[in-house]
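Visitor: Questions regarding the structure given below will be posed in turn.
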Amino acid sequence: MRVGISRVDPSLPLPTYVTDGATGFDFFARYAVIVPPRAVEFILTNAIVHVPDGHVLIVALRSGTPRRKQLLCPNGVGIIDQDYCGQADEIQVQVLNFSDEPVTVDRGERIAQGLLLPVERCEWVELPPARSDSRGGFGSTG
């Protein structure tokens with residue numbers, strides 16, 4: 001699939017698939033950022049992605065980031081819509097430093113990964129109220 005992308009700083013690489021078997025491509029930090037202890041910061045990725053029609057871009061931290069950097073994504077994942085591709089719509093990664101020490105993310109460091117996935121829009125069909133015989137809530141099946 002061919003996907004449009006604009007780099008804010010052309011001296012940094014495009015998002016990259018690191019191995020032939022990688023399903024996600026890595027985003028690079030555009031600036032060095034120091035994330036204070038127990039704080040949330042945004043990491044700019046240098047990329048404005050023109051998500052193709054019928055797709056969504058999912059952005060998540062790389063799997064080793066919590067262990068190596070003590071950073072989590074407080075919102076879980078980022079969902080990048082098809083219409084988020086204007087001049088000021090550089091993809092940002094929200095990170096939470098869960099440690100008691102400042103954490104540095106270096107310029108050019110691979111900080112997050114992206115997945116382009118097909119999506120369908122829902123057409124809601126309203127039904128009568130739900131049945132009264134519920135199977136239980138979260139964790140109810142053991």
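Residues in the structure tokens are numbered from 1 in each chain, the chains being A, B, ... in the order shown, and ligands are numbered from 1 in the order shown.
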Report as a tab-separated table: every residue of region 96-139 of chain A with an atom at most 7 Å from region 54-73 of chain A, its closest pair of atoms, and their distance in Å to one decimal, counting only C-alpha atoms, with rows sorted by chain and ascending residue number.

Guide:
```
residue	atom	partner	partner_atom	distance
A:Leu96	CA	A:Leu72	CA	5.1
A:Asn97	CA	A:Leu71	CA	4.6
A:Phe98	CA	A:Gln70	CA	5.9
A:Ser99	CA	A:Gln70	CA	5.9
A:Val103	CA	A:Lys69	CA	6.7
A:Ile111	CA	A:Leu61	CA	6.4
A:Ala112	CA	A:Leu61	CA	4.2
A:Gln113	CA	A:Ala60	CA	5.5
A:Gly114	CA	A:Val59	CA	4.5
A:Leu115	CA	A:Ile58	CA	5.1
A:Leu116	CA	A:Leu57	CA	4.6
A:Leu117	CA	A:His55	CA	5.3
A:Pro118	CA	A:His55	CA	4.2
A:Val119	CA	A:His55	CA	5.2
A:Glu120	CA	A:Gly54	CA	6.6
```

Visitor: What does the distance between CA of Leu14 (chain A) and CA of Glu90 (chain A) come to in Å, to one decimal place?

Guide: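 Value for the CA of Leu14 (chain A)-CA of Glu90 (chain A) distance: 13.0 Å.
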
Visitor: Between A:Arg30, A:His50, A:Arg131, A:Arg38, which has the minimum distance to Val3 (chain A) (counting only C-alpha atoms)?

Guide: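 The answer is A:His50, which sits nearest to Val3 (chain A).
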
Visitor: Between A:Met1, A:Phe42, A:Tyr31, A:Ile48, which residue has the minimum interatomic distance to Gln82 (chain A), considering only C-alpha atoms?

Guide: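 That would be A:Ile48, the residue with the smallest distance to Gln82 (chain A).
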
Visitor: Mind pulling up the distance from CA of Ile79 (chain A) to CA of Phe28 (chain A)?

Guide: 17.5 Å

Visitor: Quick one: everything within 7 Å of Ala47 (chain A), counting only C-alpha atoms, minus sequence neighbours fewer than 5 positions away in the same chain. Send it as a ChimeraX atom specification.

Guide: /A:5-8,90-91

Visitor: Would you please work out which residue, of A:Val93, A:Gly4, A:Ser11, A:Ile34, is nearest to Val49 (chain A) when using only C-alpha atoms?

Guide: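 Using only C-alpha atoms, the shortest distance to Val49 (chain A) belongs to A:Gly4.
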
Visitor: Contacts of Pro102 (chain A) at 6 Å or less, counting only C-alpha atoms, minus same-chain residues fewer than 5 places along, as a VMD selection string?

Guide: chain A and resid 35 to 37

Visitor: Take the residues from that selection and put them in a file with N, CA and C atoms, as a JSON list (two decimals), in the first residue's frame.

Guide:
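Resulting contents of out-v9.json:
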```json
[["chain", "number", "residue", "atom", "x", "y", "z"],
["A", 35, "VAL", "N", 11.47, 13.84, 30.30],
["A", 35, "VAL", "CA", 10.17, 13.61, 30.93],
["A", 35, "VAL", "C", 10.41, 13.56, 32.44],
["A", 36, "PRO", "N", 9.90, 14.54, 33.18],
["A", 36, "PRO", "CA", 10.11, 14.54, 34.63],
["A", 36, "PRO", "C", 9.44, 13.33, 35.30],
["A", 37, "PRO", "N", 9.89, 12.98, 36.51],
["A", 37, "PRO", "CA", 9.29, 11.86, 37.23],
["A", 37, "PRO", "C", 7.79, 12.07, 37.41]]
```

Visitor: Which residues in region 40-125 of chain A does DSSP call alpha helix (DSSP H)? List them as a list of chain:residue names.

Guide: A:Thr65, A:Pro66, A:Arg67, A:Arg68, A:Lys69

Visitor: Those residues with N, CA and C atoms, as an mmCIF file, in the first residue's frame please?

Guide:
```
data_model
loop_
_atom_site.group_PDB
_atom_site.id
_atom_site.type_symbol
_atom_site.label_atom_id
_atom_site.label_comp_id
_atom_site.auth_asym_id
_atom_site.auth_seq_id
_atom_site.Cartn_x
_atom_site.Cartn_y
_atom_site.Cartn_z
ATOM 1 N N THR A 65 9.800 -0.302 25.536
ATOM 2 C CA THR A 65 9.915 1.047 26.090
ATOM 3 C C THR A 65 9.641 1.106 27.599
ATOM 4 N N PRO A 66 8.605 0.457 28.124
ATOM 5 C CA PRO A 66 8.401 0.533 29.579
ATOM 6 C C PRO A 66 9.583 -0.010 30.370
ATOM 7 N N ARG A 67 10.158 -1.107 29.923
ATOM 8 C CA ARG A 67 11.276 -1.709 30.657
ATOM 9 C C ARG A 67 12.551 -0.883 30.519
ATOM 10 N N ARG A 68 12.841 -0.425 29.286
ATOM 11 C CA ARG A 68 14.089 0.304 29.044
ATOM 12 C C ARG A 68 14.026 1.753 29.494
ATOM 13 N N LYS A 69 12.870 2.393 29.319
ATOM 14 C CA LYS A 69 12.770 3.833 29.553
ATOM 15 C C LYS A 69 11.863 4.227 30.713
#
```

Visitor: Would you compute the distance between CA of Asp20 (chain A) and CA of Asp81 (chain A)? Give it in Å to one decimal.

Guide: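 These two atoms are separated by 26.4 Å.
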